[in-house]
$ cat query00.tsv   # TSV, C-alpha atoms
chain	number	residue	atom	x	y	z
J	1	ASP	CA	-64.77	1.67	152.82
J	2	ALA	CA	-66.30	-0.55	150.15
J	3	LYS	CA	-65.86	-4.27	150.85
J	4	THR	CA	-64.78	-7.11	148.62
J	5	THR	CA	-65.77	-10.76	148.82
J	6	GLN	CA	-63.55	-13.56	147.56
J	7	PRO	CA	-63.65	-17.34	147.87
J	8	ASN	CA	-61.40	-18.61	150.64
J	9	SER	CA	-59.54	-21.03	148.42
J	10	MET	CA	-59.26	-22.33	144.89
J	11	GLU	CA	-57.33	-25.06	143.16
J	12	SER	CA	-55.85	-25.19	139.72
J	13	ASN	CA	-53.74	-27.51	137.66
J	14	GLU	CA	-50.40	-26.36	136.38
J	15	GLU	CA	-50.45	-24.75	132.92
J	16	GLU	CA	-54.22	-24.27	132.98
J	17	PRO	CA	-55.94	-20.88	133.17
J	18	VAL	CA	-57.21	-19.68	136.53
J	19	HIS	CA	-60.11	-17.30	137.08
J	20	LEU	CA	-60.16	-15.71	140.53
J	21	PRO	CA	-63.47	-13.92	141.23
J	22	CYS	CA	-64.10	-10.90	143.42
J	23	ASN	CA	-67.44	-9.32	144.33
J	24	HIS	CA	-67.58	-5.65	145.24
J	25	SER	CA	-71.24	-4.72	145.03
J	26	THR	CA	-70.82	-1.47	147.01
J	27	ILE	CA	-68.05	-0.10	144.80
J	28	SER	CA	-68.23	3.61	144.13
J	29	GLY	CA	-67.64	5.25	140.79
J	30	THR	CA	-64.12	6.37	141.63
J	31	ASP	CA	-62.83	3.19	143.28
J	32	TYR	CA	-59.96	1.52	141.48
J	33	ILE	CA	-59.81	-2.27	141.65
J	34	HIS	CA	-56.41	-3.57	142.63
J	35	TRP	CA	-55.09	-7.10	142.89
J	36	TYR	CA	-52.12	-8.08	144.98
J	37	ARG	CA	-50.73	-11.48	145.82
J	38	GLN	CA	-48.63	-12.75	148.66
J	39	LEU	CA	-46.35	-15.68	148.09
J	40	PRO	CA	-45.32	-17.75	151.10
J	41	SER	CA	-42.90	-15.90	153.37
J	42	GLN	CA	-42.94	-12.76	151.25
J	43	GLY	CA	-44.53	-9.34	151.26
J	44	PRO	CA	-47.56	-8.59	149.10
J	45	GLU	CA	-46.80	-8.02	145.45
J	46	TYR	CA	-48.76	-5.86	143.02
J	47	VAL	CA	-50.44	-7.80	140.23
J	48	ILE	CA	-52.75	-5.48	138.31
J	49	HIS	CA	-55.34	-2.74	138.69
J	50	GLY	CA	-58.13	-1.17	136.68
J	51	LEU	CA	-61.05	1.23	136.82
J	52	THR	CA	-63.61	0.32	134.14
J	53	SER	CA	-61.94	-1.34	131.19
J	54	ASN	CA	-60.33	-4.75	131.11
J	55	VAL	CA	-56.58	-4.63	131.64
J	56	ASN	CA	-53.69	-6.86	130.62
J	57	ASN	CA	-50.12	-6.95	131.78
J	58	ARG	CA	-47.31	-9.45	131.78
J	59	MET	CA	-48.57	-11.14	134.90
J	60	ALA	CA	-52.31	-11.37	134.41
J	61	SER	CA	-55.52	-9.97	132.99
J	62	LEU	CA	-58.26	-8.17	134.86
J	63	ALA	CA	-61.82	-8.48	133.62
J	64	ILE	CA	-64.22	-5.93	135.12
J	65	ALA	CA	-67.97	-6.40	134.88
J	66	GLU	CA	-69.90	-3.71	133.08
J	67	ASP	CA	-71.66	-2.64	136.29
J	68	ARG	CA	-68.30	-2.85	138.14
J	69	LYS	CA	-69.86	-4.90	140.92
J	70	SER	CA	-67.48	-7.77	140.28
J	71	SER	CA	-64.13	-8.49	138.68
J	72	THR	CA	-62.04	-11.50	137.77
J	73	LEU	CA	-58.30	-11.91	137.86
J	74	ILE	CA	-57.15	-14.23	135.11
J	75	LEU	CA	-53.86	-16.09	135.20
J	76	HIS	CA	-53.53	-17.46	131.70
J	77	ARG	CA	-51.29	-20.41	132.51
J	78	ALA	CA	-50.83	-21.18	136.16
J	79	THR	CA	-47.40	-22.26	137.32
J	80	LEU	CA	-46.35	-23.64	140.69
J	81	ARG	CA	-44.90	-20.20	141.44
J	82	ASP	CA	-48.39	-18.71	141.24
J	83	ALA	CA	-49.45	-20.51	144.42
J	84	ALA	CA	-50.20	-17.61	146.75
J	85	VAL	CA	-52.91	-15.66	148.52
J	86	TYR	CA	-54.60	-13.28	146.08
J	87	TYR	CA	-56.18	-10.10	147.40
J	88	CYS	CA	-58.79	-8.01	145.63
J	89	ILE	CA	-58.70	-4.44	147.00
J	90	LEU	CA	-60.68	-1.30	146.28
J	91	SER	CA	-58.74	1.94	146.34
J	92	PRO	CA	-60.78	5.14	146.48
J	93	VAL	CA	-59.77	8.34	144.77
J	94	GLY	CA	-59.63	11.48	146.85
J	95	SER	CA	-59.71	10.04	150.34
J	96	SER	CA	-57.40	11.46	152.96
J	97	ASN	CA	-55.38	8.23	152.95
J	98	THR	CA	-55.57	7.07	149.36
J	99	GLY	CA	-52.40	5.04	149.63
J	100	LYS	CA	-53.94	2.78	152.24
J	101	LEU	CA	-54.73	-0.73	151.09
J	102	ILE	CA	-57.49	-2.58	152.93
J	103	PHE	CA	-56.68	-6.26	152.76
J	104	GLY	CA	-59.39	-8.84	153.22
J	105	GLN	CA	-58.76	-12.53	153.76
J	106	GLY	CA	-58.02	-13.14	150.09
J	107	THR	CA	-58.16	-16.34	148.07
J	108	THR	CA	-55.55	-18.99	148.66
J	109	LEU	CA	-54.66	-20.47	145.29
J	110	GLN	CA	-53.24	-23.95	145.19
J	111	VAL	CA	-51.58	-25.08	141.97
J	112	LYS	CA	-51.20	-28.80	141.43
J	113	PRO	CA	-48.51	-30.23	139.18
I	114	GLU	CA	-33.46	-2.51	141.27
I	115	ALA	CA	-36.57	-0.87	142.73
I	116	GLN	CA	-37.07	-2.12	146.23
I	117	VAL	CA	-38.23	-1.58	149.78
I	118	THR	CA	-35.72	-2.83	152.33
I	119	GLN	CA	-36.61	-3.69	155.90
I	120	ASN	CA	-34.24	-4.58	158.69
I	121	PRO	CA	-34.02	-6.76	160.58
I	122	ARG	CA	-35.88	-9.65	158.97
I	123	TYR	CA	-36.23	-11.48	162.27
I	124	LEU	CA	-36.11	-10.14	165.80
I	125	ILE	CA	-36.73	-11.63	169.21
I	126	THR	CA	-36.81	-9.16	172.05
I	127	VAL	CA	-38.02	-8.83	175.62
I	128	THR	CA	-40.94	-6.84	176.91
I	129	GLY	CA	-40.14	-3.19	177.41
I	130	LYS	CA	-36.89	-3.03	175.47
I	131	LYS	CA	-37.13	-0.27	172.86
I	132	LEU	CA	-36.55	-1.31	169.29
I	133	THR	CA	-36.58	0.19	165.82
I	134	VAL	CA	-37.39	-1.54	162.56
I	135	THR	CA	-35.92	0.33	159.63
I	136	CYS	CA	-37.51	0.76	156.21
I	137	SER	CA	-35.88	2.30	153.18
I	138	GLN	CA	-37.06	2.71	149.58
I	139	ASN	CA	-35.02	3.69	146.54
I	140	MET	CA	-37.85	4.82	144.25
I	141	ASN	CA	-38.32	8.41	145.47
I	142	HIS	CA	-41.83	7.51	146.60
I	143	GLU	CA	-43.83	10.05	148.54
I	144	TYR	CA	-46.14	7.65	150.36
I	145	MET	CA	-44.88	5.11	152.89
I	146	SER	CA	-46.72	3.02	155.41
I	147	TRP	CA	-46.40	0.20	157.91
I	148	TYR	CA	-48.68	-2.82	158.20
I	149	ARG	CA	-48.84	-5.69	160.60
I	150	GLN	CA	-50.10	-9.11	159.61
I	151	ASP	CA	-51.69	-11.45	162.12
I	152	PRO	CA	-53.44	-14.80	161.55
I	153	GLY	CA	-57.14	-14.32	161.03
I	154	LEU	CA	-56.85	-10.53	161.00
I	155	GLY	CA	-55.01	-10.00	157.73
I	156	LEU	CA	-52.87	-6.95	157.09
I	157	ARG	CA	-53.73	-3.80	159.00
I	158	GLN	CA	-52.19	-0.39	158.58
I	159	ILE	CA	-50.30	0.99	161.58
I	160	TYR	CA	-49.03	4.37	160.42
I	161	TYR	CA	-48.56	6.13	157.14
I	162	SER	CA	-46.70	9.11	155.76
I	163	MET	CA	-47.73	11.27	152.83
I	164	ASN	CA	-44.32	12.92	152.58
I	165	VAL	CA	-41.36	14.12	154.62
I	166	GLU	CA	-42.44	15.27	158.08
I	167	VAL	CA	-46.07	14.29	157.37
I	168	THR	CA	-47.23	11.22	159.28
I	169	ASP	CA	-50.58	10.02	160.53
I	170	LYS	CA	-52.17	7.12	162.34
I	171	GLY	CA	-53.55	4.13	160.52
I	172	ASP	CA	-55.96	1.62	161.98
I	173	VAL	CA	-53.80	0.13	164.76
I	174	PRO	CA	-51.29	2.78	165.90
I	175	GLU	CA	-51.26	2.10	169.66
I	176	GLY	CA	-47.80	1.25	170.94
I	177	TYR	CA	-45.98	2.43	167.83
I	178	LYS	CA	-44.20	5.57	166.67
I	179	VAL	CA	-42.83	6.57	163.30
I	180	SER	CA	-40.77	9.38	161.84
I	181	ARG	CA	-40.14	10.63	158.31
I	182	LYS	CA	-37.10	12.88	158.34
I	183	GLU	CA	-35.97	11.84	154.88
I	184	LYS	CA	-38.03	10.77	151.90
I	185	ARG	CA	-36.43	7.37	151.60
I	186	ASN	CA	-36.63	6.23	155.24
I	187	PHE	CA	-39.60	5.45	157.43
I	188	PRO	CA	-38.58	3.69	160.66
I	189	LEU	CA	-41.09	2.00	162.95
I	190	ILE	CA	-40.35	2.49	166.64
I	191	LEU	CA	-41.66	0.38	169.50
I	192	GLU	CA	-40.83	2.35	172.64
I	193	SER	CA	-41.92	-0.37	175.06
I	194	PRO	CA	-42.77	-3.57	173.17
I	195	SER	CA	-45.34	-5.94	174.59
I	196	PRO	CA	-46.16	-9.55	173.66
I	197	ASN	CA	-49.29	-8.44	171.78
I	198	GLN	CA	-46.98	-6.72	169.30
I	199	THR	CA	-45.60	-10.06	168.24
I	200	SER	CA	-46.42	-10.04	164.56
I	201	LEU	CA	-45.18	-9.91	160.98
I	202	TYR	CA	-44.52	-6.34	159.89
I	203	PHE	CA	-44.42	-4.95	156.37
I	204	CYS	CA	-43.30	-1.59	155.11
I	205	ALA	CA	-44.76	-0.34	151.84
I	206	SER	CA	-44.26	2.63	149.55
I	207	SER	CA	-46.01	4.10	146.55
I	208	LEU	CA	-45.47	7.05	144.29
I	209	ARG	CA	-48.37	9.45	144.62
I	210	PRO	CA	-50.39	9.41	147.83
I	211	ARG	CA	-53.46	11.08	146.38
I	212	GLN	CA	-53.74	8.85	143.35
I	213	SER	CA	-55.39	5.50	143.75
I	214	ASN	CA	-54.07	4.13	140.48
I	215	THR	CA	-50.50	3.55	141.56
I	216	GLU	CA	-48.97	0.32	142.73
I	217	ALA	CA	-47.51	-0.23	146.16
I	218	PHE	CA	-44.19	-1.94	146.76
I	219	PHE	CA	-43.74	-3.98	149.92
I	220	GLY	CA	-40.70	-5.01	151.85
I	221	GLN	CA	-39.88	-8.62	152.66
I	222	GLY	CA	-41.23	-8.36	156.16
I	223	THR	CA	-39.91	-8.35	159.72
I	224	ARG	CA	-40.99	-11.13	162.01
I	225	LEU	CA	-41.00	-9.75	165.54
I	226	THR	CA	-41.39	-11.85	168.65
I	227	VAL	CA	-41.75	-10.12	172.03
I	228	VAL	CA	-41.31	-12.40	175.04
$ encode --input "query00.tsv" --output "structure tokens"
Amino acid sequence: DAKTTQPNSMESNEEEPVHLPCNHSTISGTDYIHWYRQLPSQGPEYVIHGLTSNVNNRMASLAIAEDRKSSTLILHRATLRDAAVYYCILSPVGSSNTGKLIFGQGTTLQVKP
Amino acid sequence: EAQVTQNPRYLITVTGKKLTVTCSQNMNHEYMSWYRQDPGLGLRQIYYSMNVEVTDKGDVPEGYKVSRKEKRNFPLILESPSPNQTSLYFCASSLRPRQSNTEAFFGQGTRLTVV
């Protein structure tokens, strides 16, 4: 399974943009890049995913490097509710257990008022 | 509302007393799985199910059983719980097990303590 590397923690100020990086240098051509987050005392929550092109949804944007060896989750205006652990996960196509998510340690995002 | 429901949310039990944690989803998802979350080890998959009557071991299946008799339900069974199964458990479901571009939905978690 391809691995991801994320910073252990990051800080942001409320209402400012946040860029959460993820390195995945061993990514294969058919790995999707998923982001989940886990708020305190809750289960993980889907944020966004992509394959090659940048993606936007109501929660965030995902910027994928041209060589796909890294990606960045962008929260456009951080709120206190965005304080969570953010996980960058690679999901391979065609494996026998494609639904499995391999969680790393993630990045703990602190948002200061 | 689309959701994955686990019960109970909290459970304290004694070593050896069989217990079942229930998981139900209302989204007609094919794929369901169980994870445990431990400090320093992150979330690890225990068992998964591709569809009704199709289950398989994840990364840490020892001491656990599952069944998938109906599409919506995926109970986790601890036949003889031990203290090392004290953990936070999450059930998850997703639509298509062989597609890696679908999102997973997680339950709220079950905090189990075995004394």
$ closest_residue --input "query00.tsv" --among "I:Thr226, I:Thr215, I:Leu208, I:Val167" --to "His142 of chain I" --atoms "only C-alpha atoms"
I:Leu208
$ interface_residues --input "query00.tsv" --of "chain J" --to "chain I" --cutoff "9 Å" --atoms "all atoms listed in the file" --output "VMD selection string"
chain J and resid 31 to 34 41 to 51 90 to 106
$ atom_distance --input "query00.tsv" --atom1 "atom CA of Ile190 of chain I" --atom2 "atom CA of Val85 of chain J"
28.6 Å
$ atom_distance --input "query00.tsv" --atom1 "atom CA of Lys130 of chain I" --atom2 "atom CA of Lys184 of chain I"
27.3 Å
$ residues_around --input "query00.tsv" --residues "Asn120 of chain I" --least-positions-apart "4" --cutoff "7 Å" --atoms "all atoms listed in the file" --output "NGL selection string"
:I and (134-136 or 223)
